[in-house]
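A.B. asks: Pasting target.cif here (mmCIF, C-alpha atoms):
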data_protein
#
loop_
_atom_site.label_atom_id
_atom_site.label_comp_id
_atom_site.auth_asym_id
_atom_site.auth_seq_id
_atom_site.Cartn_x
_atom_site.Cartn_y
_atom_site.Cartn_z
CA MET A 1 122.05 53.98 156.46
CA MET A 2 122.60 57.00 158.73
CA TYR A 3 120.03 58.24 161.21
CA ASP A 4 119.58 61.72 162.68
CA ARG A 5 121.41 60.66 165.87
CA ASP A 6 124.44 59.60 163.76
CA ILE A 7 124.60 62.98 162.02
CA ARG A 8 124.14 65.60 164.75
CA GLU A 9 127.39 65.66 166.73
CA PRO A 10 129.66 65.31 163.67
CA LEU A 11 127.56 68.04 161.97
CA PHE A 12 128.12 70.43 164.89
CA GLU A 13 131.86 69.74 164.77
CA PHE A 14 131.90 70.42 161.02
CA LEU A 15 129.97 73.70 161.40
CA GLU A 16 132.31 74.93 164.15
CA GLU A 17 135.34 74.05 162.06
CA TYR A 18 133.90 75.71 158.93
CA TYR A 19 132.38 78.88 160.45
CA GLY A 20 134.49 79.43 163.57
CA LYS A 21 132.44 80.97 166.37
CA VAL A 22 128.94 79.48 166.35
CA ARG A 23 126.23 78.70 168.89
CA ILE A 24 124.07 75.67 168.29
CA ILE A 25 120.48 75.61 169.57
CA GLU A 26 118.65 72.32 169.04
CA GLU A 27 114.93 71.60 168.65
CA LYS A 28 113.80 75.25 168.56
CA ARG A 29 110.08 75.91 168.03
CA MET A 30 109.52 78.12 164.97
CA GLY A 31 105.91 78.62 163.94
CA ARG A 32 104.28 75.23 163.48
CA SER A 33 107.63 73.46 163.15
CA ARG A 34 110.41 72.46 165.49
CA ALA A 35 113.72 73.37 163.87
CA ASP A 36 116.30 70.60 164.15
CA VAL A 37 119.11 73.13 164.54
CA VAL A 38 119.39 76.90 164.79
CA MET A 39 122.98 78.02 164.26
CA VAL A 40 123.91 81.49 165.48
CA LEU A 41 126.71 83.30 163.65
CA ALA A 42 128.13 86.74 164.51
CA ASP A 43 125.65 88.47 162.20
CA ALA A 44 123.06 85.87 161.18
CA VAL A 45 120.63 83.25 162.41
CA CYS A 46 120.67 80.06 160.30
CA GLY A 47 118.21 77.18 160.28
CA LEU A 48 119.27 73.62 159.50
CA GLU A 49 116.79 70.85 158.74
CA ILE A 50 118.28 67.35 158.86
CA LYS A 51 116.87 64.77 156.44
CA SER A 52 118.62 61.53 157.28
CA ASP A 53 118.39 58.42 155.14
CA ALA A 54 115.48 57.30 157.33
CA ASP A 55 113.44 60.51 156.81
CA THR A 56 110.82 61.41 154.20
CA TYR A 57 109.78 64.74 152.68
CA ALA A 58 106.28 64.52 154.21
CA ARG A 59 106.52 67.66 156.38
CA LEU A 60 109.25 69.50 154.48
CA SER A 61 107.10 72.03 152.61
CA ARG A 62 105.61 73.29 155.88
CA GLN A 63 109.03 73.28 157.55
CA VAL A 64 110.49 75.34 154.68
CA GLN A 65 107.76 77.97 155.13
CA ASP A 66 108.41 78.19 158.88
CA TYR A 67 112.22 78.29 158.65
CA ASP A 68 111.97 81.01 155.99
CA GLN A 69 110.03 83.28 158.33
CA TYR A 70 112.59 83.13 161.16
CA CYS A 71 116.09 82.68 159.70
CA ASP A 72 118.49 84.79 157.64
CA PHE A 73 119.87 81.67 155.91
CA ASN A 74 118.70 78.07 155.75
CA PHE A 75 120.24 74.69 154.97
CA ILE A 76 118.97 71.23 154.40
CA VAL A 77 121.37 68.52 155.56
CA ALA A 78 120.68 65.53 153.34
CA GLY A 79 121.71 61.92 153.74
CA THR A 80 122.92 59.89 150.74
CA ARG A 81 119.42 58.67 149.94
CA HIS A 82 118.20 62.25 149.37
CA ALA A 83 121.32 63.92 147.93
CA HIS A 84 120.44 63.59 144.23
CA HIS A 85 116.92 65.05 144.38
CA VAL A 86 116.79 67.18 147.54
CA ALA A 87 117.22 70.40 145.49
CA GLU A 88 113.74 69.82 144.04
CA HIS A 89 112.23 70.12 147.54
CA VAL A 90 113.78 73.36 148.84
CA PRO A 91 113.92 76.92 147.44
CA ASP A 92 116.93 78.10 145.42
CA TRP A 93 118.22 80.22 148.30
CA TRP A 94 118.53 77.24 150.66
CA GLY A 95 121.97 75.75 151.09
CA ILE A 96 122.38 72.00 150.63
CA LEU A 97 124.83 70.10 152.79
CA THR A 98 125.19 66.41 152.01
CA VAL A 99 126.43 63.78 154.42
CA GLU A 100 127.73 60.30 153.67
CA LEU A 101 129.80 57.72 155.46
CA GLU A 102 133.53 57.79 154.72
CA GLU A 103 135.60 55.18 156.54
CA GLY A 104 132.81 54.74 159.07
CA ARG A 105 132.48 58.46 159.86
CA PRO A 106 130.01 61.09 158.53
CA ASP A 107 131.60 63.31 155.87
CA PHE A 108 129.99 66.65 154.90
CA TYR A 109 130.03 68.42 151.56
CA PHE A 110 128.43 71.69 150.39
CA LEU A 111 126.35 70.82 147.35
CA ARG A 112 125.06 74.41 147.35
CA GLN A 113 125.92 77.39 149.53
CA PRO A 114 122.96 79.27 151.03
CA GLN A 115 121.92 82.71 149.85
CA ALA A 116 120.23 85.43 151.92
CA ASN A 117 116.66 84.42 152.63
CA PRO A 118 114.32 86.89 150.88
CA LYS A 119 111.32 85.83 153.00
CA VAL A 120 112.61 86.43 156.52
CA ASP A 121 110.00 88.17 158.70
CA TRP A 122 111.88 90.40 161.16
CA LYS A 123 109.04 90.33 163.68
CA LYS A 124 109.20 86.53 163.73
CA LYS A 125 112.99 86.53 163.86
CA MET A 126 112.99 88.89 166.85
CA SER A 127 110.38 86.75 168.61
CA LEU A 128 113.16 84.14 169.03
CA LEU A 129 114.49 86.46 171.76
CA TRP A 130 113.23 86.36 175.33
CA ARG A 131 111.88 89.53 176.91
CA PRO A 132 115.02 90.25 179.02
CA GLU A 133 117.09 89.94 175.82
CA LEU A 134 114.84 92.48 174.10
CA VAL A 135 115.23 94.78 177.12
CA HIS A 136 119.02 94.60 176.69
CA ILE A 137 118.70 95.57 173.01
CA GLN A 138 116.51 98.52 174.05
CA GLU A 139 119.21 99.59 176.52
CA LEU A 140 121.97 99.28 173.92
CA ASN A 141 120.00 101.59 171.64
CA GLN A 142 119.00 104.09 174.35
CA MET A 143 115.30 103.25 174.02
CA PRO A 144 112.59 103.44 176.70
CA ARG A 145 111.85 100.06 178.34
CA TYR A 146 108.06 100.06 177.78
CA ARG A 147 107.64 97.83 180.85
CA GLU A 148 103.86 97.85 180.67
CA LYS A 149 103.72 97.04 176.94
CA SER A 150 103.51 93.66 175.21
CA LYS A 151 106.46 91.81 173.73
CA GLN A 152 105.06 92.45 170.24
CA PHE A 153 104.82 96.20 170.91
CA VAL A 154 108.47 96.23 172.01
CA ILE A 155 109.55 94.32 168.88
CA ASP A 156 107.65 96.80 166.68
CA ARG A 157 109.34 99.76 168.39
CA ILE A 158 112.81 98.23 168.07
CA LEU A 159 112.23 97.56 164.37
CA LEU A 160 111.07 101.14 163.93
CA LYS A 161 114.07 102.69 165.71
CA VAL A 162 117.08 100.42 165.14
CA PRO A 163 118.71 99.93 161.70
CA ARG A 164 118.71 96.32 160.47
CA GLU A 165 122.50 96.36 159.98
CA LYS A 166 122.86 96.95 163.71
CA LEU A 167 120.19 94.41 164.68
CA TYR A 168 121.85 91.51 162.86
CA ARG A 169 124.76 91.64 165.30
CA GLN A 170 122.75 92.56 168.39
CA ILE A 171 120.32 89.65 167.96
CA SER A 172 123.21 87.23 167.44
CA GLN A 173 125.01 88.59 170.50
CA GLU A 174 121.95 88.03 172.69
CA LEU A 175 121.64 84.44 171.46
CA PHE A 176 125.38 83.84 171.99
CA GLU A 177 125.11 85.03 175.58
CA ARG A 178 121.84 83.24 176.41
CA ASP A 179 122.19 81.27 179.63
CA TYR A 180 119.52 78.60 179.97
CA THR A 181 120.45 78.03 183.62
CA LYS A 182 119.58 81.64 184.56
CA ILE A 183 116.68 82.51 182.28
CA THR A 184 113.86 81.43 184.64
CA GLU A 185 115.31 83.68 187.33
CA GLU A 186 115.73 86.57 184.84
CA ILE A 187 112.16 86.27 183.54
CA ARG A 188 110.80 86.12 187.10
CA ALA A 189 112.78 89.27 188.00
CA TYR A 190 111.55 91.02 184.85
CA LYS A 191 107.89 90.16 185.62
CA LYS A 192 108.29 91.33 189.22
CA GLU A 193 109.74 94.64 188.07
CA ARG A 194 106.97 95.05 185.49
CA LYS A 195 104.30 94.34 188.12
CA ALA A 196 105.87 96.88 190.52
CA THR A 197 105.80 99.52 187.78
CA ARG A 198 102.08 98.95 187.22
CA SER A 199 101.25 99.25 190.94
#
Would you mind writing the structure in this file as structure tokens?
C.D. replies:
Amino acid sequence: MMYDRDIREPLFEFLEEYYGKVRIIEEKRMGRSRADVVMVLADAVCGLEIKSDADTYARLSRQVQDYDQYCDFNFIVAGTRHAHHVAEHVPDWWGILTVELEEGRPDFYFLRQPQANPKVDWKKKMSLLWRPELVHIQELNQMPRYREKSKQFVIDRILLKVPREKLYRQISQELFERDYTKITEEIRAYKKERKATRS
């Protein structure tokens, strides 16, 4: 029997080998769920839900709804125990990646490749970005900064002005460049600047 902790690191190695340049973000809050893995590709955000041999399907229907709002593509990573019937529990557009032990090491196999998610909500997807990252997208597209406006207002304006084809890559680039060691400082600087503008 394989547990989540047995799957994660080998899974990340497999994804990097298969897709090339990726960024892995673990335990990301999306709606009411916490995504096991968000994988950033050059032009897409992908969600991966891990169902190890020790897991059940108890929360999966809610997780599917949440992942589908935020991600361009989604996968379920299923342990041997779930491999034969996991397709009954996820939509047709979800990819299925199975994992089983081969010579004592996790081995991954695409049971089904993912298709573009028809339910992605661009407002939710863009909410994955922090405010300084949205500001950078505004700058790239020669937009006003709207310092005194809410994050949701800024997202609405970006979606109104910037073509989706362009946003796929720009969102991914922001997530690739995200630096968790500097973000507190960046957000503090942004808030200070915003406050000064209001004064």
A.B. asks: Taking (121.5, 65.6, 158.1) in the file's coordinates, which residues come within 10 Å, counting only C-alpha atoms, written as a PyMOL selection string?
C.D. replies: chain A and resi 2-8+10-11+36+48-53+55+75-80+82+96-100+106+108
A.B. asks: List the residues matched by the PyMOL selection byres ((chain A and resi 152) around 10) in the displayed structure as a PyMOL selection string, ordered by chain and then by residue number.
C.D. replies: chain A and resi 123-124+126-127+131+149-151+153-158
A.B. asks: Could you give me, as a PyMOL selection string, the residues within 9 Å of segment 24-31 of chain A, counting only C-alpha atoms and dropping anything in the same chain fewer than 4 positions from it?
C.D. replies: chain A and resi 12+35-40+63+66-67+69-70+124+128
A.B. asks: Generate the output file for the selected residues, C-alpha atoms, as a PDB file, keeping the file's coordinate frame.
C.D. replies:
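This is the output file result_21.pdb:
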ATOM      1  CA  PHE A  12     128.120  70.430 164.890  1.00  0.00           C
ATOM      2  CA  ALA A  35     113.720  73.370 163.870  1.00  0.00           C
ATOM      3  CA  ASP A  36     116.300  70.600 164.150  1.00  0.00           C
ATOM      4  CA  VAL A  37     119.110  73.130 164.540  1.00  0.00           C
ATOM      5  CA  VAL A  38     119.390  76.900 164.790  1.00  0.00           C
ATOM      6  CA  MET A  39     122.980  78.020 164.260  1.00  0.00           C
ATOM      7  CA  VAL A  40     123.910  81.490 165.480  1.00  0.00           C
ATOM      8  CA  GLN A  63     109.030  73.280 157.550  1.00  0.00           C
ATOM      9  CA  ASP A  66     108.410  78.190 158.880  1.00  0.00           C
ATOM     10  CA  TYR A  67     112.220  78.290 158.650  1.00  0.00           C
ATOM     11  CA  GLN A  69     110.030  83.280 158.330  1.00  0.00           C
ATOM     12  CA  TYR A  70     112.590  83.130 161.160  1.00  0.00           C
ATOM     13  CA  LYS A 124     109.200  86.530 163.730  1.00  0.00           C
ATOM     14  CA  LEU A 128     113.160  84.140 169.030  1.00  0.00           C
TER      15      LEU A 128
END
A.B. asks: Hey, which of A:Asp107, A:Pro144, A:Tyr180, A:His85 ends up closest to Leu15 of chain A? Count all atoms listed in the file.
C.D. replies: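 The closest residue to Leu15 of chain A is A:Asp107.
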A.B. asks: Any idea what the distance is between atom CA of Phe73 of chain A and atom CA of Tyr57 of chain A?
C.D. replies: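 Rounded to one decimal, the two atoms are 20.0 Å apart.
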A.B. asks: Quick check, in Å to one decimal: how far apart do atom CA of Thr56 of chain A and atom CA of Trp94 of chain A lie?
C.D. replies: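 Result for atom CA of Thr56 of chain A versus atom CA of Trp94 of chain A: 18.0 Å, one decimal.
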A.B. asks: In Å, how far is it from atom CA of Leu175 of chain A to atom CA of Arg23 of chain A?
C.D. replies: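 Going from atom CA of Leu175 of chain A over to atom CA of Arg23 of chain A covers 7.8 Å.
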A.B. asks: For segment 85-100 of chain A, take all atoms listed in the file, fit an axis-aligned box around them, add 8 Å to each of the six sides, then output centre and edge lengths in Å rounded to one decimal, as AutoDock Vina command-line options.
C.D. replies:
--center_x 120.0 --center_y 70.3 --center_z 149.2 --size_x 31.5 --size_y 35.9 --size_z 26.4
A.B. asks: Apply the PyMOL selection byres ((chain A and resi 139-142) around 12) to the file shown and report the selected residues as a compact mmCIF listing (two decimals) with C-alpha atoms, keeping the file's coordinate frame.
C.D. replies:
# COMPACT_ATOMS: atom_id res chain seq x y z
CA PRO A 132 115.02 90.25 179.02
CA GLU A 133 117.09 89.94 175.82
CA LEU A 134 114.84 92.48 174.10
CA VAL A 135 115.23 94.78 177.12
CA HIS A 136 119.02 94.60 176.69
CA ILE A 137 118.70 95.57 173.01
CA GLN A 138 116.51 98.52 174.05
CA MET A 143 115.30 103.25 174.02
CA PRO A 144 112.59 103.44 176.70
CA ARG A 145 111.85 100.06 178.34
CA TYR A 146 108.06 100.06 177.78
CA ARG A 157 109.34 99.76 168.39
CA ILE A 158 112.81 98.23 168.07
CA LEU A 159 112.23 97.56 164.37
CA LEU A 160 111.07 101.14 163.93
CA LYS A 161 114.07 102.69 165.71
CA VAL A 162 117.08 100.42 165.14
CA PRO A 163 118.71 99.93 161.70
CA LYS A 166 122.86 96.95 163.71
CA LEU A 167 120.19 94.41 164.68
CA ARG A 169 124.76 91.64 165.30
CA GLN A 170 122.75 92.56 168.39
CA ILE A 171 120.32 89.65 167.96
CA GLN A 173 125.01 88.59 170.50
CA GLU A 174 121.95 88.03 172.69
A.B. asks: Of the candidates A:Val90, A:Ala54, A:Ala189, A:Met1, which shows the shortest atom-to-atom distance to Gly104 of chain A, using all atoms listed in the file?
C.D. replies: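 Closest candidate: A:Met1.
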A.B. asks: Please determine, counting all atoms listed in the file, which residue among A:His89, A:Arg34, A:Arg178, A:Arg164 has the shortest atom-to-atom distance to Ser61 of chain A.
C.D. replies: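 Of all the options, A:His89 lies closest to Ser61 of chain A.
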A.B. asks: Let me make sure I understand: among A:Tyr19, A:Tyr168, A:Trp93, A:Trp122, which one has the smallest atom-to-atom distance to Asn74 of chain A if we use all atoms listed in the file?
C.D. replies: A:Trp93
A.B. asks: Which residue gives the smallest distance to Ala83 of chain A among A:Arg32, A:Lys21, A:Arg112, A:Lys125, with all atoms listed in the file counted?
C.D. replies: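 That would be A:Arg112, the residue with the smallest distance to Ala83 of chain A.
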